[in-house]
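Below is one structure; the comments refer to it alone.
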Amino acid sequence: MVPKRRDDPMINWNDFERAVISNLNRDISRQSNPDQNDAIQSPLNHSLFVVAGPGSGKTTVIALRVLKLIFVDDIDPSNILVTTFTRKAAAELRSRILGWGDQLRRAFIRQPSYHHIGNQLRRLDFNRITTGTLDSIAEEILRDYRAPGTPPPVVIEDFVSNALMIRVGLFSHGRHNNQDLRNYIANLRGTSWGLNISGISTTLREIKDRFYHDQINISQFRDNSNHPGIPIACDAINDCDLELQNKLFFDFARLEQEFLTRLRNGTLDGFLQDIRFVLVDEYQDTNLLQEQIYFELTRVALRNRGSITIVGDDDQSLYRFRGATVDLFQAFLPRINDNLGIQPTIVYLSRNYRSTPIIVDFCNGFITLDTLYQNARVQNKPPIIPMRSQPYTNYPILGMFRDDVNLLASDLAQFIHGVIHGGGIQIQDPQDNQYTISINPQHGTPADIALLFSSPREFDTQGRPRLPWLLRNELTQLSHPIQVFNPRGENLEAISDVQVLCGLILECIDPNNNVQNNTNLPQVAIDMFDTWRRRARTYINGNPPPTTPRSLRQFVNSWQSRTTLGRRTWERKIPLIDLVYKSITWLPNMQNDIEGLVYLEAITRTINQAGLFGDFGGQIIFDPNNLRLGQASIREALWNIFVPIATGAIEIDEDLLETLSPDRINIMSIHQSKGLEFPLVVVDVGSDFRTNHHAHAFKRFPRNGGKTCNMEDELRPYSRLGQPQRAALDRAFDDLIRLYFEAYSRTQDVLLLVGLNSVRDRIPNVGTGWGRKGNWYWGCGLHNLIHI
């Protein structure tokens, strides 16, 4: 049932526009900002397809369109549903809607012409707007509208799903040693180099998610398999799915499938009856399953005399490797017309309020350099228009290229030091214009600088230090040491503090390896356990503070003997999480260092979520009358918690990095930088590329489609999507172009490209401006940089 509307608007549009300009300092007038004005003012029953370039204010548009529906069109907040891609973006959007909504409400209450609806304005509850990621909304709705007597959905995180795949899909049936499976995974990856258990598990999870995302007919895929490894992969995936079903758990893909099923079978009609307006951000990273969900929601919204607004930019689609299908964005208009019979209005947000004109021009030039890529873009898309207001300095684009990575790290560290502590770096362009690059000492911090990498890993697969580690080392040795924030620099299991902490826990719960030696664990995990234990014993022998009221050695001995230092008897059940928090008493980095806190969060989340799958709930049992029970609880902890960590199944993902360090330089992946902006951005375009070697071609100038595109070609024939229209190699180039476009467009003031001279001089690289014309390289865009 849809609430009744008044015939007249609650707030006049002109008054709304003036209030936004004067109270929110957002000029959305038609004279100043016709694009945003069109999107916000559009009639409530007009569906919109908003193509929003970087820095164009799409969050502003979404928030103000929501508030326009409420204030001008008199729509009840409960009739509006807004989704976006990440939890952080959803929290920011919700905060903006709530904050701006309250500011505008107070402004209207103060206006004499609206005194007669003062009580109505005061009663507005913006919290009734449904906002969040699609997954969080699905979880909330399935919980609130479940059948009587049924449990609420329990959703596991991606890292736990990966750990489950290792334990149930691989180890429990010995599939981790199956050569057919390994060969199949290697074929998808294009190489067997570096293929380990974590890599096999990750690929199987990607296939599993694509089964859902692309709505694959699994039986047809399996029956038509042309590789002996495919049935084994399907069995591993099926076992993992059955484990989730038996435990009544959901990973994100199953959650979305359940949400779609219930949208269609009528069991969510109580929720749907109020939905009139659907707004979707970051639609370019939608998959087929999610498209079907949005279409079902829109079907109801249209029936309730509402509309849908989708916002996105195909040039910023980065998540093909997670199942996103950018074609759904590019073909949104015909697809929604075919499915729902509507013709949304297209609105281009092309005015960039973030970056200086030189950076905007650079981004425009880069995204149009490759002629073949233009066929993969929304047609007739206008270029980005620089609209940043003064004051600003129009710095030239900079380049720093050196003969080896050590010299590059040293010189880059000196540059950063000069910008932060040295009074600024002086540069000069070919027209003899002088510039000073510096961080404002009163308002700026090192966090104004971001260093973006395709991967922030500090060591390569052979253990050699990469630029992120070398730079960290150089910065901490300066006269004014500068700290960096890069918690994803190493695998979790290899981080020193993590090794000590895990080793301490193993020493406490399983002294002398008694349970470990009598458990059939994978050798790779046993080797890592042994490394952890050695690190822990060395740490204990160092007698770290505090030593009173008890030392670390006394604490560990107490656990090993299951005796307390006082008169109190040993508890029968002790949550493993309690042991973790007590152990970090002797690990100061886990208490005070922001990177250490991220590692601690990863471990505690693993323990908490792994406890959902076990019989002991993450607890260690001590029962002198039933020693086998205690051993079983330890064995469960080894399998469910420590084997996944030891085998690399637990990663530091974006969800653990919702807040960046406020006083450190941020080193991050380009994917992680999505939605962020920084005054000074350093983009690594080639510090790893000493030679034109085929092994790293996919990172700079692809020679084939790679794993993600191979997987698409493998699975899409069994989906309604059908085979991708663009060749795998073209899609690989598309994704690399979008990746660097995303990186460059994060910049507000100063953009610095860094790499080796080999990349500057001769090695083809999309990031440095190499384009394609047929099979030939053409042009290199470095000639426009100011080299420092």
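Identifiers in this document derive from the order of the structure tokens: chains are assigned A, B, ..., residues are numbered from 1 separately in each chain, and ligands are numbered from 1 in order of occurrence.
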How close does range 696-755 of chain A get to range 164-184 of chain A? List, as a Markdown table, each residue of range 696-755 of chain A within 12 Å, its nearest atom pair and the distance in Å to one decimal, counting only C-alpha atoms.
```
| residue | atom | partner | partner_atom | distance |
| --- | --- | --- | --- | --- |
| A:Lys707 | CA | A:Tyr184 | CA | 11.3 |
| A:Asn710 | CA | A:Tyr184 | CA | 11.5 |
| A:Met711 | CA | A:Tyr184 | CA | 11.0 |
| A:Glu714 | CA | A:Tyr184 | CA | 11.4 |
```
Grab the residues selected above and save them as a compact mmCIF listing (two decimals), in the first residue's frame with N, CA, C and O atoms.
```txt
# COMPACT_ATOMS: atom_id res chain seq x y z
N LYS A 707 43.17 -14.59 -16.63
CA LYS A 707 42.27 -15.48 -15.90
C LYS A 707 40.82 -15.01 -15.93
O LYS A 707 39.91 -15.80 -16.21
N ASN A 710 39.33 -15.33 -19.38
CA ASN A 710 39.22 -16.75 -19.70
C ASN A 710 38.02 -17.36 -18.99
O ASN A 710 37.30 -18.19 -19.56
N MET A 711 37.81 -16.96 -17.74
CA MET A 711 36.68 -17.49 -16.98
C MET A 711 35.36 -17.03 -17.58
O MET A 711 34.39 -17.79 -17.66
N GLU A 714 34.70 -19.07 -20.57
CA GLU A 714 34.40 -20.44 -20.18
C GLU A 714 32.95 -20.60 -19.72
O GLU A 714 32.29 -21.59 -20.03
```
Item to check | All alpha helix (DSSP H) positions in range 432-479 of chain A, as a VMD selection string | outcome: chain A and resid 467 to 476
Item to check | Selected residue, from A:Phe415, A:Tyr395, A:Phe329, A:Phe678, that lies nearest to Arg377 in chain A when counting only C-alpha atoms | outcome: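 Smallest separation from Arg377 in chain A among the options: A:Phe329.
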Next on the checklist: Which residue is closest to Leu349 in chain A? Choose from A:Ile384, A:Ile129, A:Ile207, A:Ile540 and count only C-alpha atoms.
Outcome noted: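 Closest candidate: A:Ile384.
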Item to check | range 37-51 of chain A environment, 8 Å, only C-alpha atoms, sequence neighbours closer than 5 positions dropped, as a PyMOL selection string | outcome: chain A and resi 13+28-30+61-62+64-65+68-69+73+305-313+332-333+343-349
Give me the range 46-108 of chain A side of the contact with range 353-376 of chain A, cut-off 9 Å, one line per residue showing its nearest atom pair and distance in Å at one decimal, counting only C-alpha atoms, sorted by chain and residue number, as a Markdown table.
```
| residue | atom | partner | partner_atom | distance |
| --- | --- | --- | --- | --- |
| A:Pro54 | CA | A:Arg354 | CA | 8.0 |
| A:Gly55 | CA | A:Arg354 | CA | 5.0 |
| A:Ser56 | CA | A:Tyr353 | CA | 6.0 |
| A:Gly57 | CA | A:Tyr353 | CA | 7.4 |
```
Checklist entry - Between A:Ser551, A:Gln462, A:Asn518, A:Gln220, which has the minimum distance to Gly194 in chain A (counting only C-alpha atoms)? => result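 Smallest distance to Gly194 in chain A is found for A:Gln462.
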Report the closest atom pair, with its distance in Å rounded to one decimal, for each residue of range 615-699 of chain A that has an atom no farther than 9 Å from range 483-501 of chain A; count only C-alpha atoms, sort by chain and then rising residue number, and write it as a tab-separated table.
```
residue	atom	partner	partner_atom	distance
A:Ile645	CA	A:Glu493	CA	5.9
A:Ala646	CA	A:Glu493	CA	5.5
A:Thr647	CA	A:Glu493	CA	7.7
A:Gly648	CA	A:Glu493	CA	6.5
A:Ile650	CA	A:Leu492	CA	7.0
A:Glu651	CA	A:Leu492	CA	6.3
A:Ile652	CA	A:Arg488	CA	5.9
A:Asp653	CA	A:Arg488	CA	8.1
A:Leu657	CA	A:Pro487	CA	8.6
A:Leu660	CA	A:Phe485	CA	7.9
A:Ser661	CA	A:Phe485	CA	6.5
A:Asp663	CA	A:Gln483	CA	8.0
A:Arg664	CA	A:Val484	CA	4.9
A:Ile665	CA	A:Val484	CA	4.6
A:Asn666	CA	A:Phe485	CA	5.0
A:Ile667	CA	A:Asn486	CA	5.2
A:Met668	CA	A:Asn486	CA	6.4
A:Ser669	CA	A:Arg488	CA	8.8
```
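Look at Asn541 in chain A: the protein and nucleic acid residues within 12 Å of it, using only C-alpha atoms and passing over chain neighbours fewer than 6 places away, are A:Arg534, A:Arg535, A:Ser551, A:Leu552, A:Arg553, A:Gln554, A:Val556.
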Checklist entry - Which is closer to Leu680 in chain A than all the others in A:Ile197, A:Ala450, A:Leu124, A:Leu98, using only C-alpha atoms? => result A:Ala450
Checklist entry - Just asking: which residues within range 31-225 of chain A are strand (DSSP E) according to DSSP, as a list in words? => result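 Put together, the selection reads Leu48, Phe49, Val50, Val51, Ala52, Ile80, Leu81, Val82, Thr83, Thr84, Thr130, Thr131, Gly132, Thr133, Val154 and Val155 of chain A.
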Residues just named, written with C-alpha atoms as a PDB file, in the first residue's frame:
```
ATOM      1  CA  LEU A  48      17.121   8.344 -15.077  1.00  0.00           C
ATOM      2  CA  PHE A  49      20.328   6.884 -16.503  1.00  0.00           C
ATOM      3  CA  VAL A  50      23.047   9.112 -15.040  1.00  0.00           C
ATOM      4  CA  VAL A  51      26.533   8.735 -16.554  1.00  0.00           C
ATOM      5  CA  ALA A  52      28.748  10.422 -13.970  1.00  0.00           C
ATOM      6  CA  ILE A  80      12.853   5.259  -1.057  1.00  0.00           C
ATOM      7  CA  LEU A  81      15.612   2.646  -1.442  1.00  0.00           C
ATOM      8  CA  VAL A  82      19.217   3.663  -2.180  1.00  0.00           C
ATOM      9  CA  THR A  83      22.113   1.264  -2.768  1.00  0.00           C
ATOM     10  CA  THR A  84      25.792   1.737  -3.425  1.00  0.00           C
ATOM     11  CA  THR A 130      16.464   2.236   3.090  1.00  0.00           C
ATOM     12  CA  THR A 131      20.173   2.759   2.398  1.00  0.00           C
ATOM     13  CA  GLY A 132      23.147   0.424   2.214  1.00  0.00           C
ATOM     14  CA  THR A 133      24.949  -1.975  -0.042  1.00  0.00           C
ATOM     15  CA  VAL A 154      23.764 -15.548   9.020  1.00  0.00           C
ATOM     16  CA  VAL A 155      26.099 -13.969   6.451  1.00  0.00           C
TER      17      VAL A 155
END
```
Next on the checklist: When you look at Asn23 in chain A with a cut-off of 9 Å (counting only C-alpha atoms), what residues show up, excluding the ones that are within fewer than 2 positions of it in the same chain? I need them as a VMD selection string.
Outcome noted: chain A and resid 18 to 21 25 to 26 100 103 to 104 107
Writer output for current selection, C-alpha atoms, as an mmCIF file, in the first residue's frame:
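Contents of selection-v5.cif, freshly written:
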```cif
data_model
loop_
_atom_site.group_PDB
_atom_site.id
_atom_site.type_symbol
_atom_site.label_atom_id
_atom_site.label_comp_id
_atom_site.auth_asym_id
_atom_site.auth_seq_id
_atom_site.Cartn_x
_atom_site.Cartn_y
_atom_site.Cartn_z
ATOM 1 C CA ARG A 18 17.785 28.335 -2.998
ATOM 2 C CA ALA A 19 17.986 26.472 0.325
ATOM 3 C CA VAL A 20 20.489 23.989 -1.123
ATOM 4 C CA ILE A 21 22.652 26.803 -2.491
ATOM 5 C CA ASN A 25 26.862 25.574 -0.356
ATOM 6 C CA ARG A 26 25.984 23.460 -3.412
ATOM 7 C CA TRP A 100 21.640 17.672 4.666
ATOM 8 C CA GLN A 103 19.845 21.286 7.625
ATOM 9 C CA LEU A 104 17.216 21.833 4.948
ATOM 10 C CA ALA A 107 15.892 26.152 6.974
#
```
Next on the checklist: Just want the 10 Å neighbourhood of Pro152 in chain A, counted on only C-alpha atoms, with same-chain residues fewer than 3 positions away dropped. Output as a list in words.
Outcome noted: Glu139, Glu140, Ile141, Leu142, Arg143, Asp144, Tyr145, Arg146, Ala147, Gly149, Val155, Leu248 and Phe249 of chain A
Checklist entry - Rounded to one decimal in Å, what is the spacing between CA of Asp35 in chain A and CA of Phe126 in chain A? => result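 These two atoms are separated by 25.7 Å.
CA of Asn127 in chain A is found 24.3 Å from CA of Thr267 in chain A.
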Item to check | Distance criterion (only C-alpha atoms): nearest to Ile786 in chain A out of A:Asn433, A:Ser350, A:Asn640, A:Gln631 | outcome: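 The closest residue to Ile786 in chain A is A:Asn433.
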Next on the checklist: List as a PyMOL selection string the protein and nucleic acid residues near Ala637 in chain A, meaning an atom at most 9 Å away when only C-alpha atoms are counted, but skip any in the same chain fewer than 4 places from it.
Outcome noted: chain A and resi 576+607+610-611+614+616+618-620+632-633+641-643
